[in-house]
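**Student:** Here it is: the structure, laid out below.
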Protein chains: 6
Amino acid sequence: MSNKKLLLLAGDFTEDYETMVPFQALTMLGYEVHAVCPEKKSGDSVKTAIHDFEGDQTYTEKPGHNFALNYDFDKVQVDDYAGLVIPGGRGPEYLRLNERVIEIVQAFNNAGKPIASVCHGAQILAAAGVLEGRECSAYPAWPAHPAWLSAFAKLLGAQISI
Amino acid sequence: MSNKKLLLLAGDFTEDYETMVPFQALTMLGYEVHAVCPEKKSGDSVKTAIHDFEGDQTYTEKPGHNFALNYDFDKVQVDDYAGLVIPGGRGPEYLRLNERVIEIVQAFNNAGKPIASVCHGAQILAAAGVLEGRECSAYPAWPAHPAWLSAFAKLLGAQISI
Amino acid sequence: MSNKKLLLLAGDFTEDYETMVPFQALTMLGYEVHAVCPEKKSGDSVKTAIHDFEGDQTYTEKPGHNFALNYDFDKVQVDDYAGLVIPGGRGPEYLRLNERVIEIVQAFNNAGKPIASVCHGAQILAAAGVLEGRECSAYPAWPAHPAWLSAFAKLLGAQISI
Amino acid sequence: MSNKKLLLLAGDFTEDYETMVPFQALTMLGYEVHAVCPEKKSGDSVKTAIHDFEGDQTYTEKPGHNFALNYDFDKVQVDDYAGLVIPGGRGPEYLRLNERVIEIVQAFNNAGKPIASVCHGAQILAAAGVLEGRECSAYPAWPAHPAWLSAFAKLLGAQISI
Amino acid sequence: MSNKKLLLLAGDFTEDYETMVPFQALTMLGYEVHAVCPEKKSGDSVKTAIHDFEGDQTYTEKPGHNFALNYDFDKVQVDDYAGLVIPGGRGPEYLRLNERVIEIVQAFNNAGKPIASVCHGAQILAAAGVLEGRECSAYPAWPAHPAWLSAFAKLLGAQISI
Amino acid sequence: MSNKKLLLLAGDFTEDYETMVPFQALTMLGYEVHAVCPEKKSGDSVKTAIHDFEGDQTYTEKPGHNFALNYDFDKVQVDDYAGLVIPGGRGPEYLRLNERVIEIVQAFNNAGKPIASVCHGAQILAAAGVLEGRECSAYPAWPAHPAWLSAFAKLLGAQISI
């Protein structure tokens, strides 16, 4: 039987959609997704940010939903998870300064487990030194979420027929 | 071969998550989701609303993302679709006043096609007279998106194994 | 001598104007208006919402004033009041789920006392079952406040000459 | 028969409540209130401001409703009106720099017609030189709207019995 | 050796730029600038306001930065300072009602020390009675900050060559 | 005689203070500061962002002032300037993707002219490849503006005595 748990690294001002869409879409597939944030516990929440294009030279930012975490960061054991999800937005910029975050990312990488990172999530991958020798989509090539999630699900071994 | 197209009825101030999560999660499964809004065309967008619980007696509202439509409302042919998605928020309150919206909902219902409605989406179902003899979740029992989407996918005949 | 007290049922996110205009206009006429909200006391406040039309397919919402309550909800005795005012906005949607609110509305109705309800206030009237056999203005026919207030004052027996 | 027309001097960022409450309460009494703003016509609107006390050393400001004007400023003839209403907020600060505004206020004053000014409205009265020899309520003694409106109505000759 | 300390009178909703620009520019020149606010201590902060022109008849207001104070108001001794800076915005309106603020301003004036006041800062100068016999720039002639700061530095005896 | 012109590279959502403080403080010193943005001309403006620490795990963002540009980006000749200022915020993230921006930064660097970059401004320096062999302050060591500006002024040869 496959490992059905996934880890999602949220933080204050990770992007609203990029945090909730993977959480809900992967949960819909049947995975148990543990959403965590350093220094926070299950039941705490992070504030998300709305990043959008509204006619300026770059994206705008507005306050988003409060996103409820459902697992304690301090209890994370990488062995429990089949894969890792890293939303973008403004969270990764400070999350990459957290040593335990870097350890976790490196452990997923060393174990050869799939990592789904979107947009600014790559800031954490770069800080963890796991991008070497890999191609990586980055701003301004904003990845299509559904295609990205679908590819991640395939890497995890999911089989979907409609 | 099954019909893989779904219709999603968006409007100004439909809820941010309730609009984008179904759109992306169902697209991830392989469906082609047509997001439409009365009087709007493919490429236009609607403004979404953030509904959240922040300590008051009811939910708060803040501006959300602009959600891009990808199909012309006026071109909708119910026969083309296997199912209908109706996000909540403040859109349904005015969308139910649109005759063509009501016609569309009734046509889905008469054809026995699955309708996934969340939260205030029930305002449209009520206006279309398709709730009679059915149970319907409503505020304050806020439906769990992933379970709701997963049940909708099963009704559509999707098979998912992880 | 006539009964000069009125009851006003406010709640979080009742509409800014629809809450304050009746409160002040009726106070100006000489009525003592008790503004109350379930689970709140005199001196507490509710947050109002600004509903406005700004070019979208439906109204927008922005944060409004904090509206100060001047009476304890738990002390309300329907016999003390000559009439009831129910502002609209997003308050009625959750206020109608409160049993004591429903009791109060039904008691006003059974006693044949005037009820002035505006916009979404009708959600409470419907939940209380007091709309049967009556006509009721509703969205999108937004009632003119001054005419509405003037008619209410007349029902209460007020005489105004200018 | 008494003159039933009143003039209300609105402007961008006059206070939300201080603009709408007098407009609606006086209309409710039966007056025809002409709401005007320099350089604007009937059907145009001004943006109001929400001034509120939220725990800081002075009031906060947030965007309020758009307030619809119903008369052309350029058509104002002081002889047509029985009284003048000047809302507060941030409008008076710039309105007092408008020569025609000053002329209008002085004409009301010279004709001995009642002027109801609230809060920052006194900035216009001071600029018009009509405060000499009069007492004037000012911030931080925020005037009670209903008592203020009731006193104004009495000065206008209104008779109210409830 | 010249006195190198300056006093800056901040308050809730003094203008964002008008508070920080003088603070930082004068600090850059080598002055030790004590930023104070009545009833607050070093380490406390005030909320600033963004005043801007965005197409309306007067300026808009939005929330600005929290500005950190670095000195206790209650410890201010006018003898310690070579000059006084009074930012504009909405702070001066209420700061002028504080007796100690007025005393401080009068003491600077009586000692012939330079006072740099911008925009609404003049409300404090007027309340302190120190404007008599002086010309004073005021809204809508919005002063150029750099020229204003440069003139202030010259009055303080600074010598700058680039 | 020294070259008194400086170039400042602004963009949409460069930080409010980090854009205006250097502009005004350096202008106060006597420099002519040309504020430019790709694809914009003198008289156009950029929207700034307020970045602040308000109790979350990272900074918040709110809309700031519109900052007026005073020179055409397309007319910039590096030879005309004695130094370059690069504000932080969210502008540098997209400005670094502009080829002409990179050329300009490299030209300043090759000519040995001082470059004052704050906070996220380093993203442009990194993209231009001018950080090699240099130490660079970066988030979370937020640089003190006045010390930073003072050091920059000294590099430019300014002499200040107070």
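The chains in the structure tokens are called A, B, ... from first to last as shown; in each chain the residues are counted from 1, and the ligands are counted from 1 in the order shown.
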Name the residues of range 18-159 of chain E that come out as strand (DSSP E) in a backbone DSSP run; write them as a VMD selection string.
**Tutor:** chain E and resid 32 to 36 45 to 52 60 to 68 83 to 86 115 to 117 159
**Student:** Which residues are close to Val78 in chain E, i.e. within 8 Å by only C-alpha atoms, leaving aside same-chain residues fewer than 6 positions away? Reply as a short mmCIF file (atom, residue, chain, number, x, y, z; two decimals) with C-alpha atoms, in the first residue's frame.
**Tutor:**
data_model
loop_
_atom_site.label_atom_id
_atom_site.label_comp_id
_atom_site.auth_asym_id
_atom_site.auth_seq_id
_atom_site.Cartn_x
_atom_site.Cartn_y
_atom_site.Cartn_z
CA ILE E 104 6.81 73.01 23.87
CA ALA E 107 9.21 77.47 24.25
CA PHE E 108 10.96 76.80 20.93
#
**Student:** Please find the residues of chain B near chain A - the criterion being any atom within 8 Å, counting only C-alpha atoms - and write them as number ranges by chain.
**Tutor:** B: 2, 4, 17, 20-21, 24-25, 27-31, 50-52, 62-66, 145-147, 149-150, 156-162
**Student:** Among range 29-161 of chain F, which residues does DSSP mark as alpha helix (DSSP H) when it is run on the backbone? Keep the chain and numbering as in the structure and answer as number ranges by chain.
**Tutor:** F: 29, 91-95, 99-110, 122-127, 145-155
**Student:** Rounded to one decimal in Å, what is the spacing between CA of Arg134 in chain F and CA of Ile115 in chain F?
**Tutor:**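 It comes out at 12.4 Å.
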**Student:** Within 7 Å of range 125-132 of chain F, counting only C-alpha atoms, which residues qualify if same-chain residues fewer than 6 places away don't, as a list in words?
**Tutor:**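 What passes the distance filter is Arg96, Ile102, Val105, Gln106 and Asn109 of chain F.
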**Student:** Let's have the selection written as an mmCIF file, in the first residue's frame, with C-alpha atoms.
**Tutor:**
data_model
loop_
_atom_site.group_PDB
_atom_site.id
_atom_site.type_symbol
_atom_site.label_atom_id
_atom_site.label_comp_id
_atom_site.auth_asym_id
_atom_site.auth_seq_id
_atom_site.Cartn_x
_atom_site.Cartn_y
_atom_site.Cartn_z
ATOM 1 C CA ARG F 96 15.978 42.909 -13.141
ATOM 2 C CA ILE F 102 20.943 45.532 -16.348
ATOM 3 C CA VAL F 105 23.680 48.965 -13.566
ATOM 4 C CA GLN F 106 26.691 47.345 -15.234
ATOM 5 C CA ASN F 109 29.641 49.469 -11.903
#
**Student:** Quick one: everything within 12 Å of Val101 in chain F, counting only C-alpha atoms, minus sequence neighbours fewer than 2 positions away in the same chain. Send it as a VMD selection string.
**Tutor:** chain F and resid 7 to 11 36 to 39 73 to 74 76 to 78 84 86 91 to 99 103 to 108 123 to 125 127 to 128
**Student:** What is the CA of Val118 in chain D-CA of Ser42 in chain D distance in Å, reported with one decimal?
**Tutor:**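 A separation of 23.4 Å between them.
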